[in-house]
Amino acid sequence: MIKHCWAQPAAMTALTLGVDVGLFHAMAADGGSSKTTADLAQRVGVEAPVITRIVRHLGAMGYVIEAGPDEYKPTEFATALCIPSISAGYPVLSGGLLCPNNKFHEFMRKTNYNVPNSATDGPLQYAYNTKLNMFEHLQANPPYGQLFNDHMSGYRQGRASWMDEGVFPVKERLIDGFEGNDGAAFLVDIGGSIDHDIQEFLHKCPSPPGRLILQDLPIVIGQIKSLDERIERMGYDFTTEQPVKGSRAYYMHSVLHDWPDETCMKILARITDAMKPGYSKLLINENVIPARGAYWESTALDVLMMLYFTYKERTEQDWRALLGAAGLKICKIWSAGEGVESLIECELL
């Protein structure tokens with residue numbers, strides 16, 4: 001109980017402040033040599049007593065190494081926090097998203113313990129007194145929109161992917177049977193954020209036979225810092241008509257779990273209207289929660305989805321019901337390993 005109520009919240013506070021003031025860059029300087037808290041405080045411009053207490057707790061929790069009295073050096077984890085995609089999760093959660101976690105019990109009590117089901121009147125809206133959905137909330141409160149995009153990039157690093165060799169046979173399922181020349185659409189990444197997946201796809205499949213297209217809201221596309229010139233940028237709202245018709249594949253990663261079935265049906269209708277029967281595929285990269293033995297990463301995300309979006313990670317039964325109602329059939333569910341999103345391969349009925 002003490003660890004949950006005291007140690008872990010204090011560690012999150014310490015890590016967030018450390019990221020915000022550049023503490024871990026200071027610790028990693030000079031080859032990661034040990035430094036006194038007074039030296040670290042001077043480097044980051046924070047009064048020494050604050051840094052001493054923050055770093056002491058991080059040392060007690062094992063996130064940094066205590067080298068002597070008021071002297072510390074970084075662990076590999078602490079050094080990794082110098083990478084923006086790794087560190088971004090701490091300020092975006094602490095500053096932009098954690099209030100619903102802390103007030104969820106209040107929200108549930110006030111709503112008679114009913115399942116949250118409104119994207120504009122859920123735990124996040126209650127906690128922040130807003131009618132904005134999560135994405136709108138973060139974009140309306142800079143820098144949390146950009147930090148969230150960076151966090152999503154870090155979330156994917158080092159994780160198994162459906163693009164890895166031996167998971168999904170890209171050549172047999174997509175390249176073979178491709179119709180058209182290099183001017184025809186091959187893969188459209190819908191709601192693809194700032195490039196994470198489609199850039200990885202190009203790296204692992206460097207000679208695609210057709211166009212690669214990254215779609216997201218114009219405000220997100222405008223935040224892209226670098227992107228291979230072979231990937232087209234396209235501002236697009238996935239609730240509107242899909243402008244790219246007859247692509248070999250349409251792809252969504254962690255999009256549909258943000259929305260209730262009713263909204264998902266509208267999103268899917270835009271895609272199915274654009275798909276070519278007997279040719280186009282829809283690839284959905286999402287968690288498929290097993291009937292038993294669920295992995296902790298998936299169950300944690302499921303709870304956060306309820307708090308921030310008022311929806312959930314779906315079971316295989318959920319997916320079959322949703323996609324079938326949208327006029328799609330599941331060809332196969334491809335798994336990249338425990339705790340990693342599956343790839344759901346679909347075609348038109």
# chains A, B, ... in the order shown; residues from 1 in each chain; ligands from 1
$ closest_atom_pairs --of "region 164-259 of chain A" --to "region 341-344 of chain A" --cutoff "10 Å" --atoms "only C-alpha atoms" --output "JSON lines"
{"residue": "A:Val167", "atom": "CA", "partner": "A:Leu343", "partner_atom": "CA", "distance": 9.2}
{"residue": "A:Phe168", "atom": "CA", "partner": "A:Leu343", "partner_atom": "CA", "distance": 8.0}
{"residue": "A:Tyr251", "atom": "CA", "partner": "A:Leu343", "partner_atom": "CA", "distance": 9.7}
{"residue": "A:Met252", "atom": "CA", "partner": "A:Leu343", "partner_atom": "CA", "distance": 9.7}
{"residue": "A:His253", "atom": "CA", "partner": "A:Glu341", "partner_atom": "CA", "distance": 8.8}
{"residue": "A:Ser254", "atom": "CA", "partner": "A:Glu341", "partner_atom": "CA", "distance": 8.6}
$ select_by_dssp --residues "region 124-163 of chain A" --states "helix (DSSP H, G or I)" --output "ChimeraX atom specification"
/A:124-128,134-139,144-156
$ write_last_selection --atoms "N, CA, C and O atoms" --output "compact mmCIF listing (two decimals), in the first residue's frame"
# COMPACT_ATOMS: atom_id res chain seq x y z
N LEU A 124 -12.20 12.03 -18.50
CA LEU A 124 -11.26 13.11 -18.84
C LEU A 124 -11.97 14.46 -18.83
O LEU A 124 -11.44 15.44 -18.30
N GLN A 125 -13.16 14.51 -19.40
CA GLN A 125 -13.91 15.77 -19.45
C GLN A 125 -14.30 16.23 -18.03
O GLN A 125 -14.26 17.42 -17.72
N TYR A 126 -14.66 15.26 -17.19
CA TYR A 126 -14.99 15.59 -15.81
C TYR A 126 -13.77 16.15 -15.07
O TYR A 126 -13.86 17.17 -14.38
N ALA A 127 -12.63 15.50 -15.26
CA ALA A 127 -11.43 15.90 -14.53
C ALA A 127 -10.91 17.26 -14.96
O ALA A 127 -10.42 18.04 -14.13
N TYR A 128 -11.01 17.58 -16.26
CA TYR A 128 -10.46 18.83 -16.77
C TYR A 128 -11.53 19.88 -17.09
O TYR A 128 -11.21 20.95 -17.61
N MET A 134 -9.94 13.65 -26.13
CA MET A 134 -8.57 13.61 -25.66
C MET A 134 -7.60 14.30 -26.61
O MET A 134 -6.74 15.08 -26.20
N PHE A 135 -7.72 14.00 -27.91
CA PHE A 135 -6.81 14.60 -28.87
C PHE A 135 -6.97 16.11 -28.92
O PHE A 135 -5.98 16.85 -28.94
N GLU A 136 -8.21 16.57 -28.92
CA GLU A 136 -8.46 18.01 -28.94
C GLU A 136 -7.93 18.67 -27.67
O GLU A 136 -7.37 19.77 -27.72
N HIS A 137 -8.12 18.00 -26.55
CA HIS A 137 -7.63 18.51 -25.26
C HIS A 137 -6.12 18.70 -25.28
O HIS A 137 -5.61 19.75 -24.85
N LEU A 138 -5.40 17.71 -25.78
CA LEU A 138 -3.94 17.80 -25.80
C LEU A 138 -3.46 18.88 -26.78
O LEU A 138 -2.55 19.65 -26.47
N GLN A 139 -4.09 18.94 -27.96
CA GLN A 139 -3.69 19.95 -28.95
C GLN A 139 -4.01 21.36 -28.47
O GLN A 139 -3.30 22.31 -28.81
N TYR A 144 1.45 19.58 -25.10
CA TYR A 144 1.06 18.18 -24.86
C TYR A 144 0.68 17.43 -26.14
O TYR A 144 0.86 16.21 -26.21
N GLY A 145 0.16 18.11 -27.15
CA GLY A 145 -0.14 17.42 -28.40
C GLY A 145 1.12 16.86 -29.04
O GLY A 145 1.16 15.69 -29.44
N GLN A 146 2.16 17.69 -29.13
CA GLN A 146 3.43 17.23 -29.71
C GLN A 146 4.07 16.17 -28.84
O GLN A 146 4.62 15.17 -29.33
N LEU A 147 4.02 16.34 -27.53
CA LEU A 147 4.60 15.36 -26.62
C LEU A 147 3.90 14.00 -26.75
O LEU A 147 4.53 12.95 -26.67
N PHE A 148 2.59 14.04 -26.96
CA PHE A 148 1.86 12.78 -27.13
C PHE A 148 2.32 12.06 -28.39
O PHE A 148 2.52 10.83 -28.38
N ASN A 149 2.52 12.80 -29.47
CA ASN A 149 3.02 12.19 -30.70
C ASN A 149 4.40 11.56 -30.47
O ASN A 149 4.68 10.46 -30.94
N ASP A 150 5.26 12.27 -29.74
CA ASP A 150 6.58 11.73 -29.42
C ASP A 150 6.47 10.49 -28.55
O ASP A 150 7.22 9.52 -28.72
N HIS A 151 5.54 10.53 -27.59
CA HIS A 151 5.33 9.38 -26.70
C HIS A 151 4.90 8.15 -27.50
O HIS A 151 5.36 7.04 -27.24
N MET A 152 4.03 8.34 -28.47
CA MET A 152 3.59 7.22 -29.30
C MET A 152 4.75 6.64 -30.10
O MET A 152 4.83 5.43 -30.33
N SER A 153 5.67 7.51 -30.52
CA SER A 153 6.86 7.02 -31.22
C SER A 153 7.71 6.17 -30.29
O SER A 153 8.21 5.11 -30.66
N GLY A 154 7.88 6.62 -29.05
CA GLY A 154 8.66 5.87 -28.08
C GLY A 154 8.01 4.57 -27.68
O GLY A 154 8.69 3.56 -27.44
N TYR A 155 6.69 4.56 -27.63
CA TYR A 155 5.95 3.35 -27.29
C TYR A 155 6.26 2.22 -28.25
O TYR A 155 6.30 1.05 -27.87
N ARG A 156 6.52 2.55 -29.49
CA ARG A 156 6.75 1.53 -30.50
C ARG A 156 8.20 1.04 -30.54
O ARG A 156 8.48 -0.01 -31.10
$ residues_around --residues "region 180-190 of chain A" --least-positions-apart "6" --cutoff "10 Å" --atoms "only C-alpha atoms" --output "JSON, numbers by chain"
{"A": [174, 197, 198, 201, 208, 209, 210, 211, 212, 213, 214, 215, 216, 217, 231, 232, 234, 236, 237, 238, 242, 244, 245, 246, 247, 248, 249, 250, 251, 252, 253, 255, 271, 280, 281, 282, 283]}
$ closest_residue --among "A:Tyr63, A:Trp319, A:Phe309, A:Phe24" --to "Pro290 (chain A)" --atoms "only C-alpha atoms"
A:Trp319
$ closest_residue --among "A:Ile221, A:Met265, A:Leu323, A:Leu307" --to "Ile284 (chain A)" --atoms "only C-alpha atoms"
A:Leu323
$ closest_residue --among "A:Gln157, A:Thr13, A:Gln223, A:Asn101" --to "Pro123 (chain A)" --atoms "only C-alpha atoms"
A:Asn101
$ select_by_dssp --residues "region 112-275 of chain A" --states "strand (DSSP E)" --output "PyMOL selection string"
chain A and resi 185-190+211-216+231-235+249-253
$ closest_residue --among "A:Ala60, A:Gly31, A:Gly96, A:Tyr279" --to "Asp176 (chain A)" --atoms "only C-alpha atoms"
A:Tyr279
$ closest_residue --among "A:Asp164, A:Leu202, A:His57, A:His105" --to "Trp6 (chain A)" --atoms "only C-alpha atoms"
A:His57
$ atom_distance --atom1 "CA of Asn114 (chain A)" --atom2 "CA of Val303 (chain A)"
14.8 Å
$ closest_residue --among "A:Glu165, A:Glu241, A:Asp228, A:Glu200" --to "Ala336 (chain A)" --atoms "only C-alpha atoms"
A:Glu165
$ residues_around --residues "Ile330 (chain A)" --least-positions-apart "4" --cutoff "7 Å" --atoms "only C-alpha atoms" --output "list in words"
Ile344, Glu345, Cys346 and Glu347 of chain A
$ write_last_selection --atoms "all heavy atoms" --output "PDB file, in the first residue's frame"
ATOM      1  N   ILE A 344      -4.827  -7.495 -37.880  1.00  0.00           N
ATOM      2  CA  ILE A 344      -6.080  -8.109 -38.335  1.00  0.00           C
ATOM      3  C   ILE A 344      -6.212  -7.821 -39.824  1.00  0.00           C
ATOM      4  O   ILE A 344      -6.378  -6.668 -40.233  1.00  0.00           O
ATOM      5  CB  ILE A 344      -7.278  -7.543 -37.556  1.00  0.00           C
ATOM      6  CG1 ILE A 344      -7.042  -7.650 -36.041  1.00  0.00           C
ATOM      7  CG2 ILE A 344      -8.559  -8.262 -37.946  1.00  0.00           C
ATOM      8  CD1 ILE A 344      -8.074  -6.920 -35.195  1.00  0.00           C
ATOM      9  N   GLU A 345      -6.118  -8.856 -40.627  1.00  0.00           N
ATOM     10  CA  GLU A 345      -6.189  -8.733 -42.084  1.00  0.00           C
ATOM     11  C   GLU A 345      -7.634  -8.916 -42.533  1.00  0.00           C
ATOM     12  O   GLU A 345      -8.248  -9.946 -42.260  1.00  0.00           O
ATOM     13  CB  GLU A 345      -5.293  -9.779 -42.739  1.00  0.00           C
ATOM     14  CG  GLU A 345      -5.296  -9.754 -44.252  1.00  0.00           C
ATOM     15  CD  GLU A 345      -4.564 -10.936 -44.860  1.00  0.00           C
ATOM     16  OE1 GLU A 345      -4.077 -11.803 -44.109  1.00  0.00           O
ATOM     17  OE2 GLU A 345      -4.492 -11.002 -46.106  1.00  0.00           O
ATOM     18  N   CYS A 346      -8.165  -7.923 -43.222  1.00  0.00           N
ATOM     19  CA  CYS A 346      -9.586  -7.934 -43.606  1.00  0.00           C
ATOM     20  C   CYS A 346      -9.762  -7.691 -45.099  1.00  0.00           C
ATOM     21  O   CYS A 346      -8.941  -7.032 -45.741  1.00  0.00           O
ATOM     22  CB  CYS A 346     -10.348  -6.829 -42.864  1.00  0.00           C
ATOM     23  SG  CYS A 346     -10.162  -6.814 -41.089  1.00  0.00           S
ATOM     24  N   GLU A 347     -10.887  -8.202 -45.604  1.00  0.00           N
ATOM     25  CA  GLU A 347     -11.332  -7.935 -46.969  1.00  0.00           C
ATOM     26  C   GLU A 347     -12.819  -7.640 -46.939  1.00  0.00           C
ATOM     27  O   GLU A 347     -13.509  -7.938 -45.955  1.00  0.00           O
ATOM     28  CB  GLU A 347     -11.054  -9.140 -47.877  1.00  0.00           C
ATOM     29  CG  GLU A 347      -9.589  -9.449 -48.079  1.00  0.00           C
ATOM     30  CD  GLU A 347      -9.387 -10.687 -48.949  1.00  0.00           C
ATOM     31  OE1 GLU A 347     -10.388 -11.410 -49.199  1.00  0.00           O
ATOM     32  OE2 GLU A 347      -8.245 -10.945 -49.369  1.00  0.00           O
TER      33      GLU A 347
END
$ residues_around --residues "Val288 (chain A)" --least-positions-apart "2" --cutoff "10 Å" --atoms "only C-alpha atoms" --output "ChimeraX atom specification"
/A:285-286,290-291,294,298,313-319,333,335,339-344
